[in-house]
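Have a look at the structure below, then the notes.
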Amino acid sequence: MLESKIPDGPLEQKWGHYRSTVKLVSPANRKKLHVIVVGTGLSGSSLAASLGEAGYQVTCFCFQDTARRAHSVAAQGGVNACKNYKNDGDTVFRMFYDTIKGGDFRSREANVYRLAECSAQLIDQAVAQGVPFAREYSGYLGNRSFGGVQVSRTFYARGQTGQQLLLGAYQALMRQVAAGRIQLFPRHELLDLVLIEGKARGIIVRNMDTGAVEHRAHAVVLATGGFGKIYYLSTLAMGCNASAIWRAHKRGAFFANPSWTQIHPTSLPQSGEYQSKLTLMSESLRNDGRIWVPKNNAEQRAPNDIPESERDYYLERRYPAFGNLCPRDIASRAAKERIDSGYGVGPLKNAVYLDLSRAISEQGKGQIEEKYGILFRTYQKITGIDAYTEPMRISPAAHFSMGGLWVDYELMTNVPELYAIGEANFADHGANRLGANSLLQACVDGYFIAPYTIPNYLADEIKTGPVDVNHSAFTAAENSVRQQLQRLLDIQGTMPADQFHKALGRILYDKCGLSRSRAGLEEVIASIRTLRDQFYGELSVPGGPRHE
Ligand SMILES: Cc1cc2nc3c(=O)[nH]c(=O)nc-3n(C[C@H](O)[C@H](O)[C@H](O)COP(=O)(O)OP(=O)(O)OC[C@H]3O[C@@H](n4cnc5c(N)ncnc54)[C@H](O)[C@@H]3O)c2cc1C
């Protein structure tokens with residue numbers, strides 16, 4: 001039923017062969033073809049800019065008030081590329097192998113090989129755009145390591161890698177807006193997908209200031225990011241929900257691996273009941289930081305008063321080859337195991353220590369500040385603690401969606417002409433994906449892959465002409481959207497949506513997060529059904545008649 005369309009031939013020749021044989025659209029025909037891109041994060045901005053530059057008509061949407069506020073802006077640690085600048089043995093194959101292994105051997109090999117192959121190009125592209133990657137004193141680009149690998153292949157821009165990459169993509173996007181090839185609509189939310197004769201031909205969006213509007217195209221691309229926020233307490237913003245891909249699913253697009261959410265080991269712990277977000281401390285801190293808990297689970301002393309012999313550096317003890325840089329899922333599960341066994345630290349005993357004191361004494365405070373200063377400042381602002389003098393407290397939190405819409409090698413879903421790129425697709429590189437591969441995937445999908453694969457289909461649409469917005473499929477989709485909104489407004493209950501979201505997050509984290517059991521999962525199905533019934537019986541939408 002699902003055809004992954006992996007090209008024939010040896011792994012290392014597949015992408016080259018594809019690009020050399022794929023259908024092209026001549027420059028004169030490109031302006032007749034129209035593509036909708038939903039999302040302006042790294043994947044959406046880079047794709048829209050690339051298609052605009054090539055001469056296609058593009059309409060682009062996001063629900064933030066500017067394209068630049070897509071959640072890619074939050075990424076801190078870095079982006080992987082196998083450039084082997086450190087001469088430490090990195091190659092395309094080694095990056096492919098690390099990623100396949102890091103993904104628990106669940107990933108599609110052809111896609112992962114292509115990702116590694118395109119990684120070096122991305123760094124050149126970003127440098128050409130002016131992205132200010134960290135540099136060595138010599139002027140060469142700096143690198144660091146992320147978990148699950150034994151080479152240094154992570155390029156970074158202090159603690160703002162996502163923001164700096166996004167500024168590069170945003171400039172490219174705005175250049176095309178100014179050139180008239182992209183129409184950009186911030187504060188517009190996708191509410192439904194329109195299919196005509198089984199093909200994605202448009203979307204229903206809500207202008208968040210005025211109301212619903214229809215848009216048509218020859219192809220629709222969802223670049224709408226991840227859905228880790230279903231866990232409520234996570235490192236993500238409220239906007240990182242499954243709203244767009246869920247609506248596509250309702251129209252027939254399949255999900256794959258929806259249960260795979262990466263739980264990041266170095267988030268800040270929850271500190272109170274009213275908290276709605278957790279802050280990430282980049283994984284890069286594990287390059288120099290050591291993770292430990294007290295050996296005594298009744299320990300009351302401050303961390304600096306606990307002698308070395310009474311500390312349990314449990315990652316170094318259990319995983320000597322990778323130590324503190326073991327893959328994220330292993331580090332997270334080990335932390336949860338220690339916390340659940342009563343060894344957690346902090347007022348709620350829900351954290352472990354991340355200690356940079358040895359690195360500070362070996363390398364000097366200046367060197368550590370140079371590498372991680374922004375993270376130390378963020379930590380101090382949030383907790384009031386100076387992490388140069390006292391270990392940070394960290395805890396695992398929901399972070400990155402590795403599931404999403406199923407896509408084939410061309411990044412098309414099972415719905416013809418509907419594509420999903422970036423974090424919105426089911427993540428080529430699998431289950432417990434390695435850090436710093438997700439910025440890479442978002443950029444590579446948008447700059448280098450989809451600009452080749454989408455035209456393969458558009459080539460057959462040259463004679464289609466403009467899609468008819470008066471087609472009954474548009475009216476039917478808009479009516480169904482209005483009915484659903486009315487249904488929610490009519491409930492007129494007393495519970496805010498946030499309460500349901502929080503309850504759902506707690507259920508998911510406890511029973512579907514880091515470890516699962518059959519009994520736990522069965523229990524959860526029943527709890528979620530009860531919660532859903534409560535939602536449709538008690539939801540309060542502020543601003544309705546009840547609140548006037
Ligand atoms: C705190 C944090 C730190 C991270 N650090 C790293 C790191 O160091 N290295 C790394 O590789 N990765 C990191 N990641 C992951 C990485 O940032 C993301 O995977 C990547 O940026 C996702 O890009 P994207 O383009 O797919 O989606 P996003 O940047 O999330 O963009 C989604 C876009 O879709 C739009 N959208 C969504 N739903 C709708 C809708 N219904 N209607 C209209 N528009 C919609 C939004 O407005 C937005 O424009 C981090 C993530 C977080 C949260």
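Ligands are numbered from 1 in the order shown, residues from 1 within each chain, and chains are lettered A, B, ... in the order they appear in the structure tokens.
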* Write out as a ChimeraX atom specification the residues lying within 8 Å of A:Ser43, counting only C-alpha atoms and excluding same-chain residues fewer than 6 positions away. => /A:223,421-422,441-447
Per-residue nearest contacts stretch 215-242 of chain A to stretch 273-289 of chain A, cut-off 12 Å, using only C-alpha atoms, as JSON lines:
```
{"residue": "A:Gly228", "atom": "CA", "partner": "A:Lys277", "partner_atom": "CA", "distance": 11.4}
{"residue": "A:Lys229", "atom": "CA", "partner": "A:Lys277", "partner_atom": "CA", "distance": 9.0}
{"residue": "A:Ile230", "atom": "CA", "partner": "A:Lys277", "partner_atom": "CA", "distance": 11.7}
{"residue": "A:Tyr231", "atom": "CA", "partner": "A:Lys277", "partner_atom": "CA", "distance": 10.1}
{"residue": "A:Tyr232", "atom": "CA", "partner": "A:Ser276", "partner_atom": "CA", "distance": 6.8}
{"residue": "A:Leu233", "atom": "CA", "partner": "A:Lys277", "partner_atom": "CA", "distance": 5.2}
{"residue": "A:Ser234", "atom": "CA", "partner": "A:Leu278", "partner_atom": "CA", "distance": 5.3}
{"residue": "A:Thr235", "atom": "CA", "partner": "A:Leu278", "partner_atom": "CA", "distance": 4.9}
{"residue": "A:Leu236", "atom": "CA", "partner": "A:Lys277", "partner_atom": "CA", "distance": 7.0}
{"residue": "A:Ala237", "atom": "CA", "partner": "A:Lys277", "partner_atom": "CA", "distance": 7.2}
{"residue": "A:Met238", "atom": "CA", "partner": "A:Lys277", "partner_atom": "CA", "distance": 8.4}
{"residue": "A:Gly239", "atom": "CA", "partner": "A:Lys277", "partner_atom": "CA", "distance": 11.8}
{"residue": "A:Cys240", "atom": "CA", "partner": "A:Lys277", "partner_atom": "CA", "distance": 11.7}
```
* **Selected residue of minimal separation from A:His71 among A:Leu405, A:Ala351, A:Ala178, A:Leu439, counting only C-alpha atoms** =>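 Of A:Leu405, A:Ala351, A:Ala178, A:Leu439, the one nearest A:His71 is A:Leu439, counting only C-alpha atoms.
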* To do: Go through A:Gln270, A:Ser438, A:Asn143, A:Gln483 one by one, measure the shortest atom-to-atom distance of each to ligand 1 using only C-alpha atoms and all ligand atoms, and give the residue with the smallest value.
  =>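 Checking each candidate against ligand 1, we get A:Ser438 as the closest.
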How close does each residue of chain A get to ligand 1, giving the shortest atom pair and distance in Å to one decimal for every residue with an atom at most 6 Å away, counting only C-alpha atoms and all ligand atoms, sorted by chain and residue number, as CSV?
```
residue,atom,partner,partner_atom_place_in_ligand_line,distance
A:Val38,CA,ligand 1,44 (N),5.4
A:Gly39,CA,ligand 1,34 (O),3.3
A:Thr40,CA,ligand 1,49 (O),3.8
A:Gly41,CA,ligand 1,29 (O),3.4
A:Leu42,CA,ligand 1,25 (O),4.1
A:Ser43,CA,ligand 1,25 (O),3.8
A:Gly44,CA,ligand 1,25 (O),5.5
A:Phe61,CA,ligand 1,43 (C),5.6
A:Cys62,CA,ligand 1,44 (N),3.7
A:Phe63,CA,ligand 1,47 (O),4.2
A:Gln64,CA,ligand 1,47 (O),5.1
A:Ala67,CA,ligand 1,49 (O),6.0
A:Ala70,CA,ligand 1,49 (O),4.1
A:His71,CA,ligand 1,29 (O),4.0
A:Ser72,CA,ligand 1,21 (O),3.3
A:Ala74,CA,ligand 1,1 (C),4.8
A:Ala75,CA,ligand 1,5 (N),3.3
A:Gln76,CA,ligand 1,8 (O),4.3
A:Gly77,CA,ligand 1,8 (O),3.2
A:Gly78,CA,ligand 1,8 (O),4.3
A:Val79,CA,ligand 1,11 (O),5.0
A:His188,CA,ligand 1,43 (C),5.7
A:Glu189,CA,ligand 1,42 (N),3.5
A:Leu190,CA,ligand 1,42 (N),3.7
A:Ala223,CA,ligand 1,26 (O),5.5
A:Thr224,CA,ligand 1,34 (O),3.2
A:Gly225,CA,ligand 1,27 (O),3.3
A:Thr235,CA,ligand 1,1 (C),5.2
A:Leu236,CA,ligand 1,53 (C),4.5
A:Ser243,CA,ligand 1,41 (N),4.9
A:Ala244,CA,ligand 1,41 (N),4.1
A:Leu280,CA,ligand 1,1 (C),5.2
A:Gly422,CA,ligand 1,26 (O),3.6
A:Glu423,CA,ligand 1,26 (O),3.8
A:Ala424,CA,ligand 1,26 (O),5.7
A:Gly435,CA,ligand 1,11 (O),5.7
A:Ala436,CA,ligand 1,11 (O),3.1
A:Asn437,CA,ligand 1,11 (O),4.4
A:Ser438,CA,ligand 1,11 (O),3.7
A:Leu439,CA,ligand 1,11 (O),3.6
A:Leu440,CA,ligand 1,11 (O),5.8
A:Ala442,CA,ligand 1,26 (O),5.2
```
* To do: From a DSSP calculation on the backbone, collect every residue of stretch 54-281 of chain A in helix (DSSP H, G or I) and output the set as a PyMOL selection string.
  => chain A and resi 54+67-69+71-74+92-102+109-129+161-178+228-231+243-250
* Distance atom CA of A:Ser152-atom CA of A:Val73, one decimal place? ->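 So the two atoms, atom CA of A:Ser152 and atom CA of A:Val73, lie 23.2 Å apart.
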* To do: May I have the residues within 6 Å of stretch 144-151 of chain A as a list in words, using only C-alpha atoms and disregarding those fewer than 6 positions away in the same chain?
  =>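 Using only C-alpha atoms, the neighbours found are Leu325, Cys326 and Pro327 of chain A.
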* Distance of atom CA of A:Asp355 from atom CA of A:Glu390, expressed in Å to one decimal place ->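 Computing it gives 7.5 Å between the two atoms.
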Could you build a table of the residues in stretch 173-288 of chain A lying no more than 10 Å from stretch 329-338 of chain A, giving for each the nearest pair of atoms and their separation in Å rounded to one decimal place, using only C-alpha atoms, ordered by chain and ascending residue number, as JSON lines?
```
{"residue": "A:Thr261", "atom": "CA", "partner": "A:Asp329", "partner_atom": "CA", "distance": 10.0}
{"residue": "A:Gln262", "atom": "CA", "partner": "A:Asp329", "partner_atom": "CA", "distance": 7.0}
{"residue": "A:Ile263", "atom": "CA", "partner": "A:Asp329", "partner_atom": "CA", "distance": 6.5}
{"residue": "A:His264", "atom": "CA", "partner": "A:Ser332", "partner_atom": "CA", "distance": 6.4}
{"residue": "A:Pro265", "atom": "CA", "partner": "A:Ser332", "partner_atom": "CA", "distance": 4.5}
{"residue": "A:Thr266", "atom": "CA", "partner": "A:Ser332", "partner_atom": "CA", "distance": 8.2}
```
Atoms to include: C-alpha atoms. Write the selected residues as a PDB file, in the first residue's frame.
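Okay, this is what ended up in part.pdb:
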```pdb
ATOM      1  CA  THR A 261       9.048  11.656  21.171  1.00  0.00           C
ATOM      2  CA  GLN A 262      12.590  12.309  22.214  1.00  0.00           C
ATOM      3  CA  ILE A 263      12.933  12.985  25.930  1.00  0.00           C
ATOM      4  CA  HIS A 264      15.872  15.352  26.341  1.00  0.00           C
ATOM      5  CA  PRO A 265      18.122  14.716  29.343  1.00  0.00           C
ATOM      6  CA  THR A 266      19.240  18.297  30.057  1.00  0.00           C
TER       7      THR A 266
END
```
* Two-atom distance - atom CA of A:Leu222, atom CA of A:Cys512 (Å) -> 26.2 Å
* Residues of stretch 402-538 of chain A in strand (DSSP E), written as a PyMOL selection string -> chain A and resi 404-405+418-420+495-496
* Test item: residues at most 9 Å from A:Ala48, only C-alpha atoms, excluding those fewer than 2 positions along its chain, as a ChimeraX atom specification -> /A:35-37,40,43-46,50-53,58-60,172-173,176,182,446-447
